[in-house]
Every structure is written in structure tokens, then in C-alpha cells.
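As provided, protein.cif (mmCIF, C-alpha atoms and all ligand atoms) reads as follows.
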```cif
data_start
loop_
_atom_site.label_atom_id
_atom_site.label_comp_id
_atom_site.auth_asym_id
_atom_site.auth_seq_id
_atom_site.Cartn_x
_atom_site.Cartn_y
_atom_site.Cartn_z
CA MET A 1 115.28 54.17 154.99
CA PRO A 2 112.68 56.44 153.49
CA THR A 3 110.47 58.41 155.83
CA GLY A 4 107.36 60.61 155.44
CA THR A 5 104.10 60.06 153.64
CA ASN A 6 105.48 57.70 151.04
CA GLY A 7 107.87 56.05 153.47
CA ALA A 8 106.03 52.78 154.13
CA LEU A 9 105.07 52.35 150.49
CA LEU A 10 108.61 53.04 149.33
CA THR A 11 110.10 50.62 151.83
CA SER A 12 107.88 47.80 150.61
CA LEU A 13 108.39 48.68 146.94
CA ARG A 14 112.11 48.70 147.48
CA GLN A 15 112.03 45.32 149.20
CA ASN A 16 109.95 43.79 146.42
CA TYR A 17 112.18 45.35 143.82
CA LEU A 18 115.36 43.97 145.35
CA GLU A 19 113.75 40.51 145.54
CA ALA A 20 112.78 40.81 141.88
CA LEU A 21 116.34 41.77 140.93
CA VAL A 22 117.92 39.00 142.98
CA SER A 23 115.59 36.40 141.48
CA GLY A 24 116.20 37.87 138.05
CA SER A 25 112.50 38.43 137.38
CA GLY A 26 111.99 41.35 135.04
CA ARG A 27 108.22 40.81 135.26
CA ALA A 28 108.20 41.10 139.06
CA ALA A 29 110.33 44.24 138.73
CA ASP A 30 107.76 45.60 136.25
CA THR A 31 105.00 45.01 138.78
CA VAL A 32 106.89 47.14 141.31
CA VAL A 33 107.29 49.99 138.81
CA GLU A 34 103.61 49.76 137.81
CA THR A 35 102.55 49.87 141.47
CA ALA A 36 104.79 52.88 142.04
CA LEU A 37 103.33 54.72 139.04
CA ASP A 38 99.78 53.83 140.13
CA ALA A 39 100.60 55.32 143.53
CA ASP A 40 101.58 58.54 141.74
CA LEU A 41 105.27 58.23 142.41
CA LYS A 42 107.21 60.24 139.85
CA ALA A 43 109.67 58.50 137.54
CA GLN A 44 112.40 60.63 139.15
CA GLN A 45 111.54 59.14 142.53
CA ILE A 46 111.51 55.63 141.11
CA TYR A 47 115.03 56.22 139.81
CA LEU A 48 116.42 57.70 143.00
CA ASP A 49 114.46 55.89 145.70
CA ILE A 50 114.03 52.46 144.13
CA PHE A 51 116.54 51.82 141.34
CA GLN A 52 119.58 53.51 142.86
CA PRO A 53 119.42 52.03 146.40
CA SER A 54 118.56 48.63 144.96
CA ALA A 55 121.63 48.76 142.71
CA TYR A 56 123.70 49.61 145.78
CA ASP A 57 122.11 46.65 147.63
CA ILE A 58 122.99 44.35 144.76
CA GLY A 59 126.57 45.60 145.01
CA ARG A 60 126.70 44.86 148.74
CA LEU A 61 125.22 41.39 148.17
CA TRP A 62 127.83 40.70 145.51
CA GLN A 63 130.59 41.99 147.80
CA ALA A 64 129.39 39.54 150.47
CA ASN A 65 129.28 36.78 147.86
CA ARG A 66 125.51 36.37 148.27
CA VAL A 67 124.71 37.05 144.63
CA SER A 68 126.80 35.99 141.66
CA VAL A 69 128.32 38.13 138.95
CA ALA A 70 125.63 36.78 136.64
CA GLN A 71 122.83 37.82 139.00
CA GLU A 72 124.35 41.30 139.27
CA HIS A 73 124.47 41.54 135.45
CA VAL A 74 120.82 40.47 135.14
CA ALA A 75 119.79 42.98 137.81
CA THR A 76 121.60 45.81 136.01
CA ALA A 77 120.07 44.79 132.69
CA ILE A 78 116.58 44.96 134.25
CA ILE A 79 117.25 48.43 135.67
CA GLU A 80 118.60 49.70 132.36
CA ARG A 81 115.62 48.29 130.42
CA GLN A 82 113.18 49.90 132.83
CA MET A 83 115.02 53.21 132.63
CA GLY A 84 114.53 53.08 128.88
CA GLU A 85 110.82 52.52 129.41
CA LEU A 86 110.53 55.37 131.92
CA TYR A 87 112.46 57.73 129.66
CA ALA A 88 109.18 59.09 128.29
CA TYR A 89 108.49 60.59 131.71
CA PHE A 90 111.60 62.75 131.41
CA LYS A 91 110.27 65.09 128.74
CA PRO A 92 111.49 68.61 129.45
CA ARG A 93 109.22 70.19 132.07
CA ARG A 94 110.82 73.58 131.96
CA SER A 95 113.48 75.24 130.00
CA PHE A 96 116.35 76.45 132.07
CA LYS A 97 118.24 79.20 130.36
CA PRO A 98 121.39 80.64 131.82
CA ARG A 99 121.22 84.37 132.26
CA SER A 100 123.41 85.41 129.39
CA SER A 101 121.98 83.12 126.75
CA ALA A 102 118.71 82.73 124.91
CA LYS A 103 119.17 79.02 124.28
CA PRO A 104 119.08 76.10 126.70
CA PRO A 105 122.52 75.01 127.84
CA THR A 106 124.27 71.93 126.49
CA ILE A 107 126.00 69.27 128.55
CA VAL A 108 128.20 66.39 127.43
CA LEU A 109 127.97 63.46 129.85
CA GLY A 110 129.94 60.26 129.99
CA CYS A 111 132.15 57.91 131.95
CA VAL A 112 135.89 58.41 131.95
CA PRO A 113 138.01 55.79 130.14
CA ASP A 114 137.92 52.34 131.76
CA GLU A 115 134.84 53.29 133.76
CA TRP A 116 132.07 50.78 133.03
CA HIS A 117 129.44 51.89 135.54
CA ARG A 118 127.10 53.83 133.30
CA VAL A 119 123.73 53.51 135.05
CA GLY A 120 124.33 56.50 137.32
CA VAL A 121 125.38 58.89 134.57
CA ARG A 122 122.48 57.70 132.42
CA MET A 123 120.14 58.69 135.25
CA VAL A 124 121.89 62.03 135.43
CA SER A 125 121.35 62.40 131.69
CA ASP A 126 117.59 61.84 131.95
CA PHE A 127 117.30 64.37 134.77
CA PHE A 128 119.14 66.97 132.70
CA GLU A 129 116.78 66.37 129.79
CA ALA A 130 113.77 66.81 132.06
CA ALA A 131 115.27 70.08 133.23
CA GLY A 132 115.40 71.37 129.66
CA TRP A 133 119.10 70.93 128.89
CA GLN A 134 120.46 69.70 125.56
CA VAL A 135 122.12 66.45 126.54
CA HIS A 136 124.78 64.39 124.79
CA TYR A 137 125.08 61.16 126.75
CA LEU A 138 128.08 59.04 125.73
CA GLY A 139 127.73 56.11 128.14
CA ALA A 140 130.57 54.00 129.55
CA ASN A 141 134.32 54.06 128.91
CA VAL A 142 134.48 57.14 126.68
CA PRO A 143 137.88 57.69 125.00
CA VAL A 144 139.39 61.07 125.83
CA PRO A 145 139.60 62.32 122.20
CA ALA A 146 135.96 61.30 121.60
CA LEU A 147 134.73 63.24 124.58
CA VAL A 148 136.85 66.28 123.78
CA GLY A 149 135.62 66.17 120.16
CA MET A 150 132.00 66.02 121.25
CA VAL A 151 132.50 68.96 123.61
CA ARG A 152 133.91 71.00 120.75
CA GLU A 153 131.33 69.96 118.12
CA THR A 154 128.36 70.70 120.35
CA SER A 155 129.82 73.92 121.79
CA ALA A 156 129.00 72.44 125.15
CA ASP A 157 128.40 74.72 128.10
CA MET A 158 129.37 72.03 130.58
CA VAL A 159 130.96 68.61 130.86
CA GLY A 160 129.79 65.96 133.34
CA LEU A 161 132.10 63.03 134.07
CA SER A 162 131.33 59.86 135.93
CA ALA A 163 133.98 57.90 137.80
CA GLU A 164 132.67 55.17 140.07
CA MET A 165 136.00 53.47 140.74
CA LEU A 166 138.57 55.26 142.84
CA PHE A 167 141.30 54.08 140.49
CA ASN A 168 139.70 56.09 137.69
CA LEU A 169 140.14 59.49 139.32
CA PRO A 170 143.39 60.13 137.37
CA ARG A 171 141.32 59.79 134.20
CA VAL A 172 139.12 62.65 135.37
CA SER A 173 142.20 64.84 135.71
CA GLU A 174 143.45 63.62 132.35
CA LEU A 175 140.24 64.76 130.70
CA VAL A 176 140.39 68.14 132.36
CA ARG A 177 143.98 68.53 131.12
CA SER A 178 142.99 67.50 127.60
CA LEU A 179 140.20 70.07 127.50
CA ASP A 180 142.71 72.66 128.66
CA GLU A 181 145.25 71.69 126.02
CA VAL A 182 142.82 72.25 123.16
CA GLY A 183 141.62 75.58 124.49
CA LEU A 184 138.38 74.30 126.02
CA GLY A 185 139.57 74.79 129.58
CA GLY A 186 137.02 77.53 130.22
CA ILE A 187 134.14 75.05 130.15
CA PRO A 188 133.06 74.02 133.64
CA VAL A 189 133.45 70.33 134.49
CA ILE A 190 131.39 68.56 137.14
CA ALA A 191 131.75 64.97 138.23
CA GLY A 192 130.04 62.19 140.15
CA GLY A 193 130.35 58.60 141.26
CA MET A 194 131.26 56.91 144.50
CA PRO A 195 134.53 58.76 145.29
CA PHE A 196 132.62 62.03 145.02
CA ILE A 197 129.89 60.76 147.35
CA GLU A 198 132.42 59.61 149.91
CA GLN A 199 134.35 62.88 149.67
CA PRO A 200 131.97 65.71 148.84
CA GLU A 201 134.85 68.21 148.57
CA LEU A 202 136.91 66.09 146.19
CA TRP A 203 135.80 68.13 143.18
CA ALA A 204 137.67 71.16 144.49
CA ALA A 205 140.86 69.17 145.06
CA LEU A 206 140.68 68.00 141.44
CA SER A 207 140.08 71.55 140.16
CA LEU A 208 136.57 70.75 138.98
CA HIS A 209 133.58 73.03 139.35
CA GLY A 210 131.30 70.80 141.41
CA SER A 211 129.99 67.33 142.09
CA ALA A 212 126.76 65.74 143.24
CA GLY A 213 125.61 62.58 144.95
CA ASP A 214 122.58 61.91 142.81
CA ALA A 215 120.90 62.94 139.60
CA ALA A 216 118.63 65.59 141.10
CA ALA A 217 121.53 67.22 142.90
CA ALA A 218 123.56 67.00 139.69
CA VAL A 219 121.13 69.32 137.88
CA ALA A 220 121.01 71.73 140.82
CA THR A 221 124.80 71.82 140.99
CA ALA A 222 125.17 72.32 137.24
CA GLU A 223 122.68 75.18 137.16
CA ARG A 224 124.33 76.87 140.11
CA VAL A 225 127.75 76.45 138.50
CA LEU A 226 126.54 77.73 135.15
CA ASN A 227 124.79 80.75 136.59
CA LEU A 228 127.86 81.60 138.63
CA HIS A 229 130.13 81.02 135.68
CA GLN A 230 128.13 83.14 133.28
CA ALA A 231 126.97 85.66 135.78
CA LYS A 232 130.41 87.15 136.29
CA ALA A 233 130.30 90.93 135.94
CA ARG A 234 126.83 91.21 134.48
CA PRO A 235 125.05 93.60 136.79
CA GLU A 236 121.57 94.62 135.69
CA PRO A 237 121.38 98.18 137.06
CA ALA A 238 118.19 99.08 135.17
CA ALA A 239 116.31 96.08 136.55
CA ALA A 240 117.64 96.75 140.04
CA ALA A 241 116.53 100.39 139.77
CA ALA A 242 113.08 99.35 138.54
CA LEU A 243 112.62 97.05 141.52
CA ARG A 244 113.62 99.87 143.83
CA SER A 245 111.27 102.45 142.35
CA TYR A 246 108.31 100.09 141.97
CA ARG A 247 108.86 98.24 145.24
CA GLU A 248 105.76 99.53 147.02
CA GLU A 249 103.45 98.79 144.10
CA LEU A 250 104.93 95.33 143.66
CA VAL A 251 104.56 94.52 147.34
CA LEU A 252 100.97 95.74 147.42
CA ALA A 253 99.92 93.93 144.25
CA ALA A 254 101.59 90.65 145.24
CA THR A 255 100.02 90.81 148.70
CA ASN A 256 96.58 91.44 147.21
CA ARG A 257 96.97 88.52 144.81
CA CYS A 258 97.97 86.22 147.66
CA LEU A 259 95.07 87.25 149.86
CA ALA A 260 92.62 86.89 146.97
CA ALA A 261 94.01 83.38 146.35
CA GLY A 262 93.31 82.44 149.97
CA ASP A 263 96.81 82.68 151.50
CA PRO A 264 96.15 82.38 155.25
CA ALA A 265 98.85 84.87 156.31
CA ASP A 266 97.84 88.34 157.40
CA ARG A 267 98.46 91.38 155.22
CA ALA A 268 101.31 92.84 157.27
CA LEU A 269 103.24 89.59 157.25
CA LEU A 270 102.81 89.15 153.51
CA GLN A 271 103.89 92.72 152.87
CA ALA A 272 106.99 92.26 155.00
CA GLY A 273 107.84 89.02 153.14
CA PHE A 274 107.38 90.53 149.67
CA SER A 275 109.37 93.58 150.61
CA TYR A 276 112.21 91.29 151.75
CA ALA A 277 112.02 89.29 148.51
CA VAL A 278 111.98 92.34 146.24
CA ARG A 279 114.95 93.81 148.06
CA MET A 280 116.87 90.52 147.72
CA LEU A 281 116.14 90.48 144.00
CA GLU A 282 117.22 94.09 143.69
CA ALA A 283 120.48 93.41 145.53
CA THR A 284 121.37 90.40 143.42
CA LEU A 285 120.46 92.09 140.12
CA ASN A 286 122.66 94.93 141.20
CA ALA A 287 125.52 92.52 141.93
CA GLY A 288 124.94 90.78 138.61
CA THR A 289 124.55 87.23 139.94
CA PRO A 290 121.61 85.33 141.42
CA ALA A 291 124.00 83.02 143.32
CA PRO A 292 123.47 84.59 146.77
CA LEU A 293 119.78 83.70 146.45
CA SER A 294 120.76 80.04 147.07
CA GLY A 295 121.72 80.92 150.61
CA GLN A 296 118.48 82.84 151.04
CA ALA A 297 116.47 79.87 149.79
CA ALA A 298 118.33 77.58 152.20
CA TRP A 299 117.65 79.98 155.03
CA ALA A 300 113.96 80.38 154.17
CA THR A 301 113.26 76.66 153.77
CA GLU A 302 114.74 76.01 157.19
CA ARG A 303 113.37 79.06 158.99
CA GLN A 304 109.91 79.68 157.53
CA PRO A 305 108.15 76.48 158.67
CA HIS A 306 108.88 77.65 162.24
CA ASP A 307 106.95 80.82 161.41
CA GLY A 308 104.02 78.79 160.11
CA VAL A 309 104.92 79.14 156.42
CA SER A 310 105.12 75.93 154.41
CA PRO A 311 107.47 75.53 151.41
CA GLU A 312 104.37 75.24 149.21
CA GLN A 313 103.18 78.63 150.43
CA LEU A 314 106.61 80.10 149.75
CA LEU A 315 106.48 78.79 146.20
CA SER A 316 102.97 80.05 145.65
CA ARG A 317 104.06 83.49 146.85
CA CYS A 318 106.98 83.39 144.42
CA ALA A 319 104.48 82.63 141.64
CA HIS A 320 102.33 85.66 142.59
CA LEU A 321 105.37 87.90 142.66
CA TYR A 322 106.40 86.57 139.23
CA VAL A 323 103.05 87.64 137.77
CA VAL A 324 103.07 91.12 139.26
CA LEU A 325 106.64 91.73 138.10
CA GLY A 326 105.38 91.16 134.57
CA GLU A 327 102.43 93.48 135.12
CA ILE A 328 104.11 96.38 136.87
CA ILE A 329 107.69 96.95 135.72
CA PRO A 330 108.89 97.55 132.14
CA ALA A 331 109.14 94.38 130.05
CA VAL A 332 112.92 93.97 129.69
CA GLU A 333 113.60 94.66 133.35
CA ALA A 334 110.68 92.43 134.32
CA GLN A 335 112.18 89.52 132.40
CA GLN A 336 115.54 89.94 134.11
CA ALA A 337 113.94 90.13 137.54
CA GLN A 338 111.74 87.12 136.69
CA ALA A 339 114.84 85.10 135.71
CA TYR A 340 116.33 85.80 139.12
CA LEU A 341 113.04 84.98 140.80
CA ASP A 342 112.96 81.72 138.80
CA TYR A 343 116.36 80.89 140.22
CA LEU A 344 115.13 81.59 143.76
CA THR A 345 112.00 79.52 143.15
CA ARG A 346 113.98 76.56 141.81
CA GLU A 347 116.43 76.68 144.68
CA THR A 348 113.55 76.81 147.16
CA ALA A 349 111.74 73.90 145.47
CA GLN A 350 114.88 71.79 145.32
CA ARG A 351 115.79 72.40 148.91
CA ALA A 352 112.26 71.59 150.02
CA GLY A 353 112.24 68.46 147.86
CA ILE A 354 109.31 69.73 145.82
CA GLU A 355 109.17 69.12 142.13
CA GLU A 356 108.29 72.09 139.98
CA GLU A 357 105.49 71.62 137.51
C1 LIG B 401 126.26 47.22 138.20
C2 LIG B 401 127.67 47.27 138.72
C3 LIG B 401 128.71 46.92 137.86
C4 LIG B 401 128.48 46.68 136.37
C5 LIG B 401 128.15 48.02 135.66
C6 LIG B 401 127.30 47.81 134.41
C7 LIG B 401 126.64 49.05 133.90
N1 LIG B 401 125.95 48.88 132.81
O1 LIG B 401 126.72 50.14 134.46
C8 LIG B 401 129.84 46.03 135.95
C9 LIG B 401 129.69 44.55 135.84
C10 LIG B 401 130.43 46.56 134.64
C11 LIG B 401 130.75 46.38 137.13
C12 LIG B 401 132.09 46.22 137.09
C13 LIG B 401 132.93 46.42 138.19
N2 LIG B 401 132.56 46.69 139.43
CO1 LIG B 401 130.76 47.27 139.90
N3 LIG B 401 129.11 47.65 140.60
C14 LIG B 401 127.92 47.66 140.07
C15 LIG B 401 126.88 48.10 141.12
C16 LIG B 401 126.26 46.84 141.69
C17 LIG B 401 125.78 49.03 140.70
C18 LIG B 401 126.24 50.33 140.01
C19 LIG B 401 125.01 51.15 139.76
O2 LIG B 401 124.32 50.92 138.80
N4 LIG B 401 124.67 52.07 140.70
C20 LIG B 401 123.42 52.81 140.66
C21 LIG B 401 123.63 54.25 140.22
C22 LIG B 401 122.30 54.91 139.99
O3 LIG B 401 124.29 54.94 141.30
P1 LIG B 401 125.59 55.80 141.05
O4 LIG B 401 126.44 55.14 140.05
O5 LIG B 401 126.17 56.09 142.39
O6 LIG B 401 125.08 57.13 140.37
C23 LIG B 401 124.50 58.24 141.06
C24 LIG B 401 125.53 59.19 141.69
O7 LIG B 401 126.80 58.63 141.93
C25 LIG B 401 125.58 60.38 140.78
N5 LIG B 401 126.47 60.37 139.62
C26 LIG B 401 126.95 59.34 138.91
N6 LIG B 401 127.60 59.76 137.84
C27 LIG B 401 127.57 61.10 137.86
C28 LIG B 401 128.12 62.05 137.00
C29 LIG B 401 127.97 63.40 137.29
C30 LIG B 401 128.53 64.41 136.36
C31 LIG B 401 127.30 63.80 138.47
C32 LIG B 401 127.21 65.23 138.80
C33 LIG B 401 126.72 62.85 139.33
C34 LIG B 401 126.86 61.52 139.01
O8 LIG B 401 124.23 60.42 140.28
C35 LIG B 401 123.85 59.07 139.98
C36 LIG B 401 122.37 58.93 139.86
O9 LIG B 401 121.64 59.40 140.97
C37 LIG B 401 127.83 48.81 142.14
C38 LIG B 401 127.25 48.99 143.52
C39 LIG B 401 127.23 50.48 143.91
N7 LIG B 401 127.38 50.81 145.14
O10 LIG B 401 127.07 51.33 143.11
C40 LIG B 401 129.08 47.97 142.01
C41 LIG B 401 130.43 48.50 142.45
C42 LIG B 401 130.56 49.98 142.13
N8 LIG B 401 131.36 47.75 141.62
C43 LIG B 401 132.43 47.39 142.25
C44 LIG B 401 133.51 46.70 141.67
C45 LIG B 401 134.59 46.21 142.62
C46 LIG B 401 133.58 46.46 140.30
C47 LIG B 401 134.70 45.80 139.53
C48 LIG B 401 136.12 46.19 139.96
C49 LIG B 401 134.48 44.28 139.64
C50 LIG B 401 135.53 43.43 138.95
N9 LIG B 401 136.18 42.65 139.74
O11 LIG B 401 135.70 43.50 137.79
C51 LIG B 401 134.40 46.23 138.08
C52 LIG B 401 135.09 47.55 137.68
C53 LIG B 401 134.72 47.93 136.29
C54 LIG B 401 135.22 49.30 135.88
N10 LIG B 401 136.49 49.42 135.52
O12 LIG B 401 134.47 50.25 135.84
C55 LIG B 401 132.41 47.84 143.70
C56 LIG B 401 133.35 49.00 143.97
C57 LIG B 401 134.00 48.84 145.33
C58 LIG B 401 134.91 49.96 145.66
N11 LIG B 401 135.03 50.20 146.93
O13 LIG B 401 135.45 50.62 144.84
C59 LIG B 401 130.88 48.15 143.92
C60 LIG B 401 130.61 49.29 144.92
C61 LIG B 401 130.21 46.85 144.41
C62 LIG B 401 130.59 46.50 145.83
N12 LIG B 401 129.75 46.84 146.80
O14 LIG B 401 131.62 45.90 146.05
N13 LIG B 401 130.03 46.78 138.21
#
```

Have the structure of the file written as C-alpha cells, please.
Ligand code: B12
Amino acid sequence: MPTGTNGALLTSLRQNYLEALVSGSGRAADTVVETALDADLKAQQIYLDIFQPSAYDIGRLWQANRVSVAQEHVATAIIERQMGELYAYFKPRRSFKPRSSAKPPTIVLGCVPDEWHRVGVRMVSDFFEAAGWQVHYLGANVPVPALVGMVRETSADMVGLSAEMLFNLPRVSELVRSLDEVGLGGIPVIAGGMPFIEQPELWAALSLHGSAGDAAAAVATAERVLNLHQAKARPEPAAAAALRSYREELVLAATNRCLAAGDPADRALLQAGFSYAVRMLEATLNAGTPAPLSGQAAWATERQPHDGVSPEQLLSRCAHLYVVLGEIIPAVEAQQAQAYLDYLTRETAQRAGIEEE
């Protein structure tokens, strides 16, 4: 059950939505979506907190023989139509670029052969688009040669496979083998669907690069995987050195910006925080991968509220640091440090459940 500020609203929207699906009323389902949008719920939240759990409920009702196959089909058709209508809300909000590339990354997404559950991977596709990826969404039951061909033609940076039915897991492995056989084995493959929700470590057993339980987590996983994949052996010693030599100026300028913007923390605390952040950035630039910043973001989002710092304040401080990096250190090094800071900011936002603007 949802909790928090939107909890009561979500619970009632979800109830009304399920009733609309069970009774097969697309109009009643539209009313729920309109109410949600009027209440400023984001399309992403409508997908994950209304559509997805309602689809699961429909599945349980069908399993218990309380809705028919026909009712389940109507319900799915309503969800898919509404996803099409909400697609406009998934315009790219930001453009994620992996560290070693100037262009946004490309992902090929589809269901393995004989897998007909396509709603989940379509959601995943919309989330990737919103995150600035180039997306090739192939839908249900994709033949192996078609998927492999698309991966090659688009020079994809990643492949995302959906397998809802346990019996389709061998098809995941088959696809991985086929990519290998044609020399595309270096491309990371992530996967999702019910077996991967029930067994979060399954991806490793199948020699994949990651998995995720929902569309938001799918993007986070993919970006982590891609950064790790491409970050191998790319230390940025000049950027690390710049952070070290300009640390004091950066800390002072970022602290001043925060105080001027009304941050309630005192100067010493802000300085200590910025010094910590700049040193983390320096260390990871030196190592050549931002990946360890994920752990730092996880630590900070759990720890900092106990020290009176909200996730919103953390993000606003990241934004101030971003600006002063651009003002104080040389341009090329600043961009590299800002890319790492972007990574830290995204990880922090995702872990705190805050959507970046
Ligand atoms: C709709 C539906 C169908 C439709 C699908 C139509 C369509 N256009 O997609 C149809 C009629 C085709 C269908 C068929 C079958 N279904 Co069905 N179906 C469902 C139902 C009710 C909803 C699926 C759905 O839309 N989920 C909502 C989406 C949003 O959730 P999701 O898929 O989990 O996706 C999220 C994550 O998993 C993740 N994710 C998904 N893909 C990916 C990919 C990547 C790369 C990543 C990182 C993440 C990721 O992110 C997604 C979005 O947040 C489910 C119930 C359920 N629990 O899911 C049953 C369900 C999955 N079906 C079931 C069954 C049994 C079948 C059939 C065997 C029935 C039959 N006798 O023929 C067939 C199998 C067909 C096949 N070979 O694929 C069972 C499976 C039971 C089990 N233990 O395995 C379920 C659970 C129903 C139940 N409770 O009994 N089904």
C-alpha cells in the first residue's frame, strides 16, 4: 500500500482504477488518470503506482477465477491505450551521456521469443526515453535474429530483455549466446520480468549485467551498468588534480552560494560537507569511474536526514557545487568533474525518490 503525502489519494485512485478495469470501462479509467494528473501526479507515478499494481491485481483476480480472460484482455487494452496517451509526458527531461561518449546511449528493448507480456517493457521504454536514451522498442515475442539485427544496425550500447514467464528464461540465455556468436557479446544485457523480481540476483546467474523490478529502477541500473562498463581504465588525473588544487576556493564559493540562497545550515557544516564532496569527486575521477559514488549517495540519503539535512537540501547543494565547478576550475576539467557530480546527483535523487527536473 502506498504511504506518505500522496498515500491516501493513491490508494483511492488505485481502487477506482481497478474497478474501472474490472468493469471494462475505459471512460472510468480515464477519469482516474485525469484526477491523478489534476492532483499533480507525474505520468511516471501513474505508470508505476496505478497501472502496474492494477495489472498485477487483474492477474491475481484471473488466477482466482474472479475475472475472465476477456476481462483481463480488456483491462490490458485500456492500460496500453492510456500509456499511448501519456507518452507525451515522457519527453526527454535530461540527456544522460556516458562518460566516454558525446552522444546519448542507445538501448534495444524487447520481449524474448514466446514472451507476450509487453506492457512492462513498454513502460521501461518510455522511462528510458524520458531519461534521454535513444530507444528501439520491439514489443512482444521478438525473434532472436530480429533482435540481434537491430542491435547491430543501431550500434546499441545496451540490450534490455523482458521475460515474464519462468519458462522463457532459456530464451534469455539463447539471446545472450546469439549476441556472443556474432561478435556482439561485449554489449551489456539487462533483463526484467517476474522471475527477476522474485530472484533479484538471477541476472548474475544468467551472466547478464543487471536487472530491475520496475521501469525507474531499470534506467538507474542501466546507467550504472553503462558507466561501469565504459568507465574501465579511464582515470581523469587532470580533473582530479584540479579539484585538489582548487578545493579551498570551491568549498568557499559553494558555501557562500548556499548561504546566500538561504540554506539553513551553518557555515562550518556546509564547508565540511563540500570538502567531503569535492574529495569524493577527486577520488573517483582519479580512479576513473564514478561508480563508488553510488554507495556514497546511498549512505548520504540514509544518514543525512538524521543530521537534519533533507534530500532536497542535498540536491540543492549539489546544484551549487555544479555551478562553482564551472566558474572556478578550467573548462575541460570542470566538465569532467560536473559529469561525475551529475552521476552523484542522479543517484541521490533516485535513492530519495525525487524526480530531477
Ligand atoms: C496482461 C497479462 C497477460 C496478457 C499480456 C498482454 C500484453 N499486451 O502484454 C496475455 C493475455 C498475453 C497473457 C498471457 C499469459 N499469461 Co499473463 N498476465 C498478464 C498480467 C495480468 C499483467 C501483465 C502486466 O501487464 N503487468 C504490468 C507490468 C507493468 O509489470 P511487469 O511486467 O512486471 O513490468 C515491470 C517490471 O517487471 C520491469 N520489467 C519488465 N520488463 C523489463 C525489462 C527490463 C530490461 C527491465 C530492466 C525491467 C523490466 O519493469 C516493468 C515496469 O515497471 C499478469 C499479472 C502480473 N503479475 O504481471 C499475468 C501473468 C504474468 N500471466 C500469467 C500467465 C499464467 C499467462 C499465460 C501462461 C496464460 C495462458 N494460460 O495462456 C500466458 C503466457 C503467455 C506468454 N507465453 O507470454 C501468470 C504467470 C504466473 C506464473 N507464476 O508464472 C500471471 C502472473 C497472472 C497470474 N497471477 O496468474 N498474460

Subject >> Pairwise distance for atom CA of A:Leu252 and atom CA of A:Ala349, rounded to one decimal in Å >> reply: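 Computing the Euclidean distance for atom CA of A:Leu252 and atom CA of A:Ala349 yields 24.4 Å.
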
Enclosing box along x, y and z for every listed atom of stretch 109-128 of chain A, padded 8 Å each side, centre and size in Å, one decimal, as AutoDock Vina command-line options:
```
--center_x 127.7 --center_y 58.9 --center_z 133.6 --size_x 36.7 --size_y 32.2 --size_z 23.5
```

**OP:** Please identify every polymer residue within 6 Å of ligand LIG 401 (chain B), using all atoms listed in the file, and present the set as an NGL selection string.
**Re:** :A and (48 or 52 or 55-56 or 58-60 or 63 or 76 or 114-121 or 123-124 or 160-162 or 164-166 or 190-194 or 211-215 or 218)

Subject >> Separation of atom CA of A:Ile328 from atom CA of A:Thr255 in Å >> reply: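 Computed distance, atom CA of A:Thr255 to atom CA of A:Ile328, equals 13.7 Å.
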
**OP:** Rank A:Ala20, A:Ala283, A:Ala265, A:Ala43 by their smallest atom-to-atom distance to A:Met83, using only C-alpha atoms, and report the top residue only.
**Re:** A:Ala43

Original post:
Out of A:Val309, A:Val278, A:Ala261, A:Val33, which residue has the shortest atom-to-atom distance to A:Ile79 when counting only C-alpha atoms?
Top reply: A:Val33

Original post:
Which residue out of A:Leu37, A:Val108, A:His136, A:Leu21 has the minimum interatomic distance to A:His73 when all atoms listed in the file are used?
Top reply: A:Leu21

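Shortest atom-to-atom contact with A:Leu341 among A:Ala217, A:Leu325, A:Ile107, A:Val172: A:Leu325, counting all atoms listed in the file.
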
Once you count only C-alpha atoms, which residues end up no further than 9 Å from (121.3, 62.5, 125.5) in the file's frame, shown as a PDB file with C-alpha atoms, keeping the file's coordinate frame?
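So the final result, stored in part.pdb, reads:
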```
ATOM      1  CA  ILE A 107     126.000  69.270 128.550  1.00  0.00           C
ATOM      2  CA  VAL A 108     128.200  66.390 127.430  1.00  0.00           C
ATOM      3  CA  LEU A 109     127.970  63.460 129.850  1.00  0.00           C
ATOM      4  CA  ARG A 122     122.480  57.700 132.420  1.00  0.00           C
ATOM      5  CA  SER A 125     121.350  62.400 131.690  1.00  0.00           C
ATOM      6  CA  ASP A 126     117.590  61.840 131.950  1.00  0.00           C
ATOM      7  CA  PHE A 128     119.140  66.970 132.700  1.00  0.00           C
ATOM      8  CA  GLU A 129     116.780  66.370 129.790  1.00  0.00           C
ATOM      9  CA  GLN A 134     120.460  69.700 125.560  1.00  0.00           C
ATOM     10  CA  VAL A 135     122.120  66.450 126.540  1.00  0.00           C
ATOM     11  CA  HIS A 136     124.780  64.390 124.790  1.00  0.00           C
ATOM     12  CA  TYR A 137     125.080  61.160 126.750  1.00  0.00           C
ATOM     13  CA  LEU A 138     128.080  59.040 125.730  1.00  0.00           C
TER      14      LEU A 138
END
```

**OP:** Find the residue from A:Glu181, A:Pro113, A:Ala163, A:Glu153 that sits nearest to A:Trp203; use all atoms listed in the file when measuring.
**Re:**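 Nearest candidate to A:Trp203 out of A:Glu181, A:Pro113, A:Ala163, A:Glu153: A:Ala163.
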